[in-house]
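Enquirer: Mind looking over this structure? Questions follow.
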Amino acid sequence: MPKVAIFCSFALAVVLAPDPAATQQPAAAETVFFDDFSGPELDRSKWNVIVTGRTVNNEQQAYVNSTDTIKFVSGDAAAGAERGALAIRAIHSPAFKTPEGRSFDFISGRIDTRGKVEFAYGTAAARVKLTAGPGLWPAFWMLGNGRWPDSGEMDILENVGDPTWTNFALHGPGYSGDTPLVSRAPLPANADITAWHVYSMDWTPESLVFNVDGVEKYRVTKAMVTKYGPWAYDTPKYLIANMAIGGQYPQSVNRVTTPYPGLPQSTVDLIKAGRATMLVDWVRVTPRR
């Protein structure tokens, strides 16, 4: 599939499932990108599988290309997903050696659309169900090509195992790392991160609006960003979904130092039991018009 770099100049159209249980699929003409992970294998014309042991943020996993960490599930394992789901799983793998010669006790999965589907402006959305476990760090996000953070980062879904909230953030030149452009959105007690939710971002030349189940949770304008540095959101970005484990951000929330930074023994046990999973029902991008 050739690289797709799309700039849309028409009015924004938001196509969201108003009900977190909804699984309606948009018509092909309405989408820039769509994958409902109906199997039997990951579509490599849409997705890259990242393999690396050079982690950042003191994360405790190596990303590998394996059906143990990236696989399709159906039936009870994907309950609530109409046609099955993609499972990105954390796996306990003591003393796993990366191609770089580094050792990790955990492996996991990360996929992206870099060089295959990249776009500017529109709505990026994913229907996702998470495992609650302190130190698990699943995310659905976007990056630009070029040097980080100058090329811009948009975090549409970020969670560190607390079932009660999700996180949105922007990173760019002058506002990266401990960014001031960040917000936590509480989720209902009866529909926390372990339930299906649609996490989305509406992107225009002047603003970024983050939503959960079609409800606006955080709005960032160009004027807000330029207080700290240049607006880095006028060039194409690519999609990423991954499950990180431990590291600086989880540790800043849970204050855990052992047995791993940001990762308590209870979550290690959860991973060993094969229960640390990010389920993705679908991912779609709809254009501005």
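So you can find residues: chains in the structure tokens are A, B, ... in the order shown, residues in each start at 1, and ligands are numbered from 1 in order.
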Using DSSP on the backbone, list every residue of segment 114-263 of chain A that comes out as helix (DSSP H, G or I), and give them as number ranges by chain.

Expert: A: 222-225, 248-254

Enquirer: Output the selection as a tab-separated table (two decimals), in the first residue's frame - C-alpha atoms for each residue.

Expert:
chain	number	residue	atom	x	y	z
A	222	LYS	CA	-3.20	26.90	18.99
A	223	ALA	CA	-3.09	29.99	21.22
A	224	MET	CA	-2.70	27.77	24.32
A	225	VAL	CA	0.20	25.87	22.75
A	248	GLN	CA	8.86	6.97	34.66
A	249	TYR	CA	5.24	7.94	34.14
A	250	PRO	CA	3.67	4.99	35.99
A	251	GLN	CA	6.22	5.43	38.76
A	252	SER	CA	5.36	9.12	39.10
A	253	VAL	CA	1.77	8.05	39.77
A	254	ASN	CA	2.13	4.88	41.87

Enquirer: Write out as a PyMOL selection string each polymer residue whose atoms come within 10 Å of segment 139-143 of chain A, counting only C-alpha atoms; drop sequence neighbours fewer than 4 positions from it.

Expert: chain A and resi 110-114+118+124-126+128+130+148-149+151-160+166-171+199-201+233+236-244+278+280+283

Enquirer: Create the file for the chosen residues now, containing C-alpha atoms and written as an mmCIF file, in the first residue's frame.

Expert:
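Writing done, so here's selection09.cif:
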data_model
loop_
_atom_site.group_PDB
_atom_site.id
_atom_site.type_symbol
_atom_site.label_atom_id
_atom_site.label_comp_id
_atom_site.auth_asym_id
_atom_site.auth_seq_id
_atom_site.Cartn_x
_atom_site.Cartn_y
_atom_site.Cartn_z
ATOM 1 C CA ARG A 110 3.808 -1.913 19.448
ATOM 2 C CA ILE A 111 2.375 -1.178 15.993
ATOM 3 C CA ASP A 112 2.307 1.987 13.890
ATOM 4 C CA THR A 113 1.340 3.281 10.436
ATOM 5 C CA ARG A 114 4.532 5.227 9.741
ATOM 6 C CA GLU A 118 -0.049 9.495 7.642
ATOM 7 C CA ALA A 124 -8.583 9.727 14.757
ATOM 8 C CA ALA A 125 -10.526 7.228 16.871
ATOM 9 C CA ALA A 126 -10.101 3.786 18.393
ATOM 10 C CA VAL A 128 -10.373 0.062 23.157
ATOM 11 C CA LEU A 130 -7.911 -2.154 28.862
ATOM 12 C CA TRP A 148 11.116 14.418 18.799
ATOM 13 C CA PRO A 149 9.589 16.568 20.204
ATOM 14 C CA SER A 151 7.686 16.975 15.081
ATOM 15 C CA GLY A 152 4.867 16.834 17.651
ATOM 16 C CA GLU A 153 3.177 14.110 19.690
ATOM 17 C CA MET A 154 -0.547 13.754 20.472
ATOM 18 C CA ASP A 155 -1.603 11.262 23.152
ATOM 19 C CA ILE A 156 -5.243 10.323 22.541
ATOM 20 C CA LEU A 157 -5.372 7.530 25.116
ATOM 21 C CA GLU A 158 -2.806 6.998 27.843
ATOM 22 C CA ASN A 159 -3.328 4.999 31.014
ATOM 23 C CA VAL A 160 -0.967 3.745 33.713
ATOM 24 C CA THR A 166 -7.530 8.283 31.106
ATOM 25 C CA ASN A 167 -4.926 10.833 30.106
ATOM 26 C CA PHE A 168 -4.475 13.193 27.141
ATOM 27 C CA ALA A 169 -1.288 15.112 26.380
ATOM 28 C CA LEU A 170 0.658 17.090 23.794
ATOM 29 C CA HIS A 171 4.438 17.130 23.455
ATOM 30 C CA TYR A 199 -11.133 7.375 22.437
ATOM 31 C CA SER A 200 -10.820 10.046 19.758
ATOM 32 C CA MET A 201 -9.180 13.331 18.778
ATOM 33 C CA TYR A 233 0.425 20.135 14.467
ATOM 34 C CA PRO A 236 1.101 14.714 8.778
ATOM 35 C CA LYS A 237 1.307 12.301 11.702
ATOM 36 C CA TYR A 238 1.082 8.522 11.971
ATOM 37 C CA LEU A 239 -0.887 6.304 14.374
ATOM 38 C CA ILE A 240 0.588 4.155 17.155
ATOM 39 C CA ALA A 241 -0.872 1.576 19.533
ATOM 40 C CA ASN A 242 1.302 -0.091 22.158
ATOM 41 C CA MET A 243 1.528 -1.594 25.620
ATOM 42 C CA ALA A 244 4.473 -0.279 27.629
ATOM 43 C CA MET A 278 -4.918 -3.956 25.434
ATOM 44 C CA VAL A 280 -8.519 -2.862 20.104
ATOM 45 C CA VAL A 283 -9.129 2.117 14.517
#

Enquirer: Would you please give, as a ChimeraX atom specification, all residues of segment 3-204 of chain A that DSSP assigns to strand (DSSP E) based on the backbone?

Expert: /A:4-7,33-35,48-49,61-63,70-73,85-89,91-97,103-108,110-112,117-120,122-130,136-144,153-158,165-171,182-186,197-203

Enquirer: Write the residues of the preceding selection, restricted to C-alpha atoms, as a JSON list (two decimals), in the first residue's frame.

Expert:
[["chain", "number", "residue", "atom", "x", "y", "z"],
["A", 4, "VAL", "CA", -0.90, 8.23, 2.21],
["A", 5, "ALA", "CA", -0.26, 11.81, 3.31],
["A", 6, "ILE", "CA", -3.53, 13.73, 3.43],
["A", 7, "PHE", "CA", -4.30, 17.39, 4.01],
["A", 33, "PHE", "CA", -8.07, 4.78, 7.27],
["A", 34, "PHE", "CA", -9.96, 1.90, 8.85],
["A", 35, "ASP", "CA", -9.05, -1.46, 10.38],
["A", 48, "ASN", "CA", 4.38, -1.89, 11.02],
["A", 49, "VAL", "CA", 5.35, -4.08, 13.97],
["A", 61, "GLN", "CA", 9.65, -4.10, 28.12],
["A", 62, "ALA", "CA", 11.22, -5.01, 24.81],
["A", 63, "TYR", "CA", 8.96, -4.76, 21.78],
["A", 70, "ILE", "CA", 0.20, -9.16, 18.94],
["A", 71, "LYS", "CA", -2.64, -11.50, 18.06],
["A", 72, "PHE", "CA", -6.26, -11.63, 17.00],
["A", 73, "VAL", "CA", -8.83, -12.84, 19.52],
["A", 85, "ALA", "CA", -10.23, -7.68, 18.26],
["A", 86, "LEU", "CA", -6.51, -7.12, 18.25],
["A", 87, "ALA", "CA", -4.87, -8.07, 21.54],
["A", 88, "ILE", "CA", -1.60, -6.34, 22.43],
["A", 89, "ARG", "CA", -0.26, -8.33, 25.37],
["A", 91, "ILE", "CA", 4.33, -11.25, 28.51],
["A", 92, "HIS", "CA", 6.72, -12.27, 31.30],
["A", 93, "SER", "CA", 9.92, -13.43, 29.59],
["A", 94, "PRO", "CA", 12.81, -13.40, 32.08],
["A", 95, "ALA", "CA", 16.21, -12.33, 30.72],
["A", 96, "PHE", "CA", 14.91, -11.87, 27.18],
["A", 97, "LYS", "CA", 17.77, -10.65, 24.99],
["A", 103, "SER", "CA", 18.12, -7.93, 28.80],
["A", 104, "PHE", "CA", 14.46, -7.43, 29.73],
["A", 105, "ASP", "CA", 12.08, -9.50, 31.83],
["A", 106, "PHE", "CA", 9.04, -8.49, 29.79],
["A", 107, "ILE", "CA", 8.11, -8.38, 26.12],
["A", 108, "SER", "CA", 5.18, -6.57, 24.56],
["A", 110, "ARG", "CA", 3.81, -1.91, 19.45],
["A", 111, "ILE", "CA", 2.38, -1.18, 15.99],
["A", 112, "ASP", "CA", 2.31, 1.99, 13.89],
["A", 117, "VAL", "CA", -0.82, 5.99, 6.41],
["A", 118, "GLU", "CA", -0.05, 9.50, 7.64],
["A", 119, "PHE", "CA", -2.50, 12.37, 7.72],
["A", 120, "ALA", "CA", -3.13, 15.90, 8.89],
["A", 122, "GLY", "CA", -9.63, 15.04, 10.74],
["A", 123, "THR", "CA", -10.66, 12.65, 13.50],
["A", 124, "ALA", "CA", -8.58, 9.73, 14.76],
["A", 125, "ALA", "CA", -10.53, 7.23, 16.87],
["A", 126, "ALA", "CA", -10.10, 3.79, 18.39],
["A", 127, "ARG", "CA", -12.45, 1.53, 20.35],
["A", 128, "VAL", "CA", -10.37, 0.06, 23.16],
["A", 129, "LYS", "CA", -10.72, -2.05, 26.29],
["A", 130, "LEU", "CA", -7.91, -2.15, 28.86],
["A", 136, "LEU", "CA", 0.66, -1.12, 32.73],
["A", 137, "TRP", "CA", 1.04, 1.72, 30.23],
["A", 138, "PRO", "CA", -1.13, 1.21, 27.13],
["A", 139, "ALA", "CA", -1.51, 4.07, 24.67],
["A", 140, "PHE", "CA", -3.14, 5.13, 21.39],
["A", 141, "TRP", "CA", -1.27, 8.13, 20.05],
["A", 142, "MET", "CA", 0.29, 9.93, 17.10],
["A", 143, "LEU", "CA", 3.76, 11.12, 16.13],
["A", 144, "GLY", "CA", 5.21, 13.21, 13.35],
["A", 153, "GLU", "CA", 3.18, 14.11, 19.69],
["A", 154, "MET", "CA", -0.55, 13.75, 20.47],
["A", 155, "ASP", "CA", -1.60, 11.26, 23.15],
["A", 156, "ILE", "CA", -5.24, 10.32, 22.54],
["A", 157, "LEU", "CA", -5.37, 7.53, 25.12],
["A", 158, "GLU", "CA", -2.81, 7.00, 27.84],
["A", 165, "TRP", "CA", -9.15, 7.85, 34.49],
["A", 166, "THR", "CA", -7.53, 8.28, 31.11],
["A", 167, "ASN", "CA", -4.93, 10.83, 30.11],
["A", 168, "PHE", "CA", -4.47, 13.19, 27.14],
["A", 169, "ALA", "CA", -1.29, 15.11, 26.38],
["A", 170, "LEU", "CA", 0.66, 17.09, 23.79],
["A", 171, "HIS", "CA", 4.44, 17.13, 23.46],
["A", 182, "VAL", "CA", -1.99, 17.48, 29.77],
["A", 183, "SER", "CA", -5.33, 16.48, 31.25],
["A", 184, "ARG", "CA", -6.81, 13.52, 33.10],
["A", 185, "ALA", "CA", -10.42, 12.63, 32.42],
["A", 186, "PRO", "CA", -12.34, 10.64, 35.04],
["A", 197, "HIS", "CA", -14.67, 3.06, 25.13],
["A", 198, "VAL", "CA", -14.14, 5.10, 21.97],
["A", 199, "TYR", "CA", -11.13, 7.37, 22.44],
["A", 200, "SER", "CA", -10.82, 10.05, 19.76],
["A", 201, "MET", "CA", -9.18, 13.33, 18.78],
["A", 202, "ASP", "CA", -10.63, 15.99, 16.44],
["A", 203, "TRP", "CA", -7.78, 17.82, 14.71]]

Enquirer: Pick out the closest residue to Lys116 of chain A from this set: A:Ala276, A:Leu187, A:Val32, A:Val215. Count only C-alpha atoms.

Expert: A:Val32

Enquirer: Separation of atom CA of Thr52 of chain A and atom CA of Leu279 of chain A, in Å?

Expert: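 Pair atom CA of Thr52 of chain A / atom CA of Leu279 of chain A returns 21.7 Å.
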
Enquirer: Can you write out as a Markdown table which residues of segment 37-116 of chain A fall within 9 Å of segment 261-269 of chain A, alongside each residue's closest atom pair and its distance in Å to one decimal, counting only C-alpha atoms and ordering rows by chain and ascending residue number?

Expert:
| residue | atom | partner | partner_atom | distance |
| --- | --- | --- | --- | --- |
| A:Asn58 | CA | A:Pro261 | CA | 7.7 |
| A:Glu59 | CA | A:Pro261 | CA | 8.0 |
| A:Gln60 | CA | A:Pro261 | CA | 7.9 |
| A:His92 | CA | A:Val268 | CA | 7.8 |

Enquirer: How would the residues just chosen look if you wrote them out with N, CA and C atoms as a PDB file, in the first residue's frame?

Expert:
ATOM      1  N   ASN A  58      12.603   4.727  30.914  1.00  0.00           N
ATOM      2  CA  ASN A  58      12.887   3.632  31.851  1.00  0.00           C
ATOM      3  C   ASN A  58      11.831   2.532  31.790  1.00  0.00           C
ATOM      4  N   GLU A  59      11.205   2.359  30.645  1.00  0.00           N
ATOM      5  CA  GLU A  59      10.216   1.293  30.482  1.00  0.00           C
ATOM      6  C   GLU A  59      10.894  -0.068  30.609  1.00  0.00           C
ATOM      7  N   GLN A  60      10.101  -1.068  30.992  1.00  0.00           N
ATOM      8  CA  GLN A  60      10.654  -2.360  31.362  1.00  0.00           C
ATOM      9  C   GLN A  60      10.406  -3.457  30.335  1.00  0.00           C
ATOM     10  N   HIS A  92       5.543 -12.092  30.447  1.00  0.00           N
ATOM     11  CA  HIS A  92       6.722 -12.272  31.296  1.00  0.00           C
ATOM     12  C   HIS A  92       7.705 -13.182  30.570  1.00  0.00           C
TER      13      HIS A  92
END

Enquirer: If you count only C-alpha atoms, which residues fall within 8 Å of segment 77-82 of chain A, apart from same-chain ones fewer than 2 positions away, as an mmCIF file with C-alpha atoms, in the first residue's frame?

Expert:
data_model
loop_
_atom_site.group_PDB
_atom_site.id
_atom_site.type_symbol
_atom_site.label_atom_id
_atom_site.label_comp_id
_atom_site.auth_asym_id
_atom_site.auth_seq_id
_atom_site.Cartn_x
_atom_site.Cartn_y
_atom_site.Cartn_z
ATOM 1 C CA ALA A 21 -20.926 -0.504 22.994
ATOM 2 C CA THR A 23 -19.571 -1.092 16.680
ATOM 3 C CA VAL A 73 -8.834 -12.842 19.517
ATOM 4 C CA SER A 74 -12.527 -13.617 19.241
ATOM 5 C CA GLY A 75 -15.382 -15.068 21.267
ATOM 6 C CA GLY A 84 -13.024 -9.962 17.077
ATOM 7 C CA ALA A 85 -10.235 -7.680 18.262
ATOM 8 C CA TRP A 196 -15.086 -0.645 25.913
ATOM 9 C CA LEU A 279 -7.864 -4.947 23.234
ATOM 10 C CA ASP A 281 -11.854 -3.401 18.334
#

Enquirer: Select, from A:Gly161, A:Arg284, A:Thr221, A:Leu208, the residue with the minimum atom-to-atom distance to Pro134 of chain A, counting only C-alpha atoms.

Expert: A:Gly161

Enquirer: Here is a test: counting only C-alpha atoms, which residue of A:Gly229, A:Gly115, A:Gly133, A:Pro40 is nearest to Leu181 of chain A?

Expert: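 So, comparing all the options, the nearest one is A:Gly229.
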
Enquirer: Could you list, as a ChimeraX atom specification, every residue within 6 Å of Pro163 of chain A, counting only C-alpha atoms and ignoring same-chain residues fewer than 6 positions away?

Expert: /A:132,192-193

Enquirer: Between atom CA of Glu100 of chain A and atom CA of Gly53 of chain A, what is the distance in Å, rounded to a tenth?

Expert: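 A separation of 6.5 Å between them.
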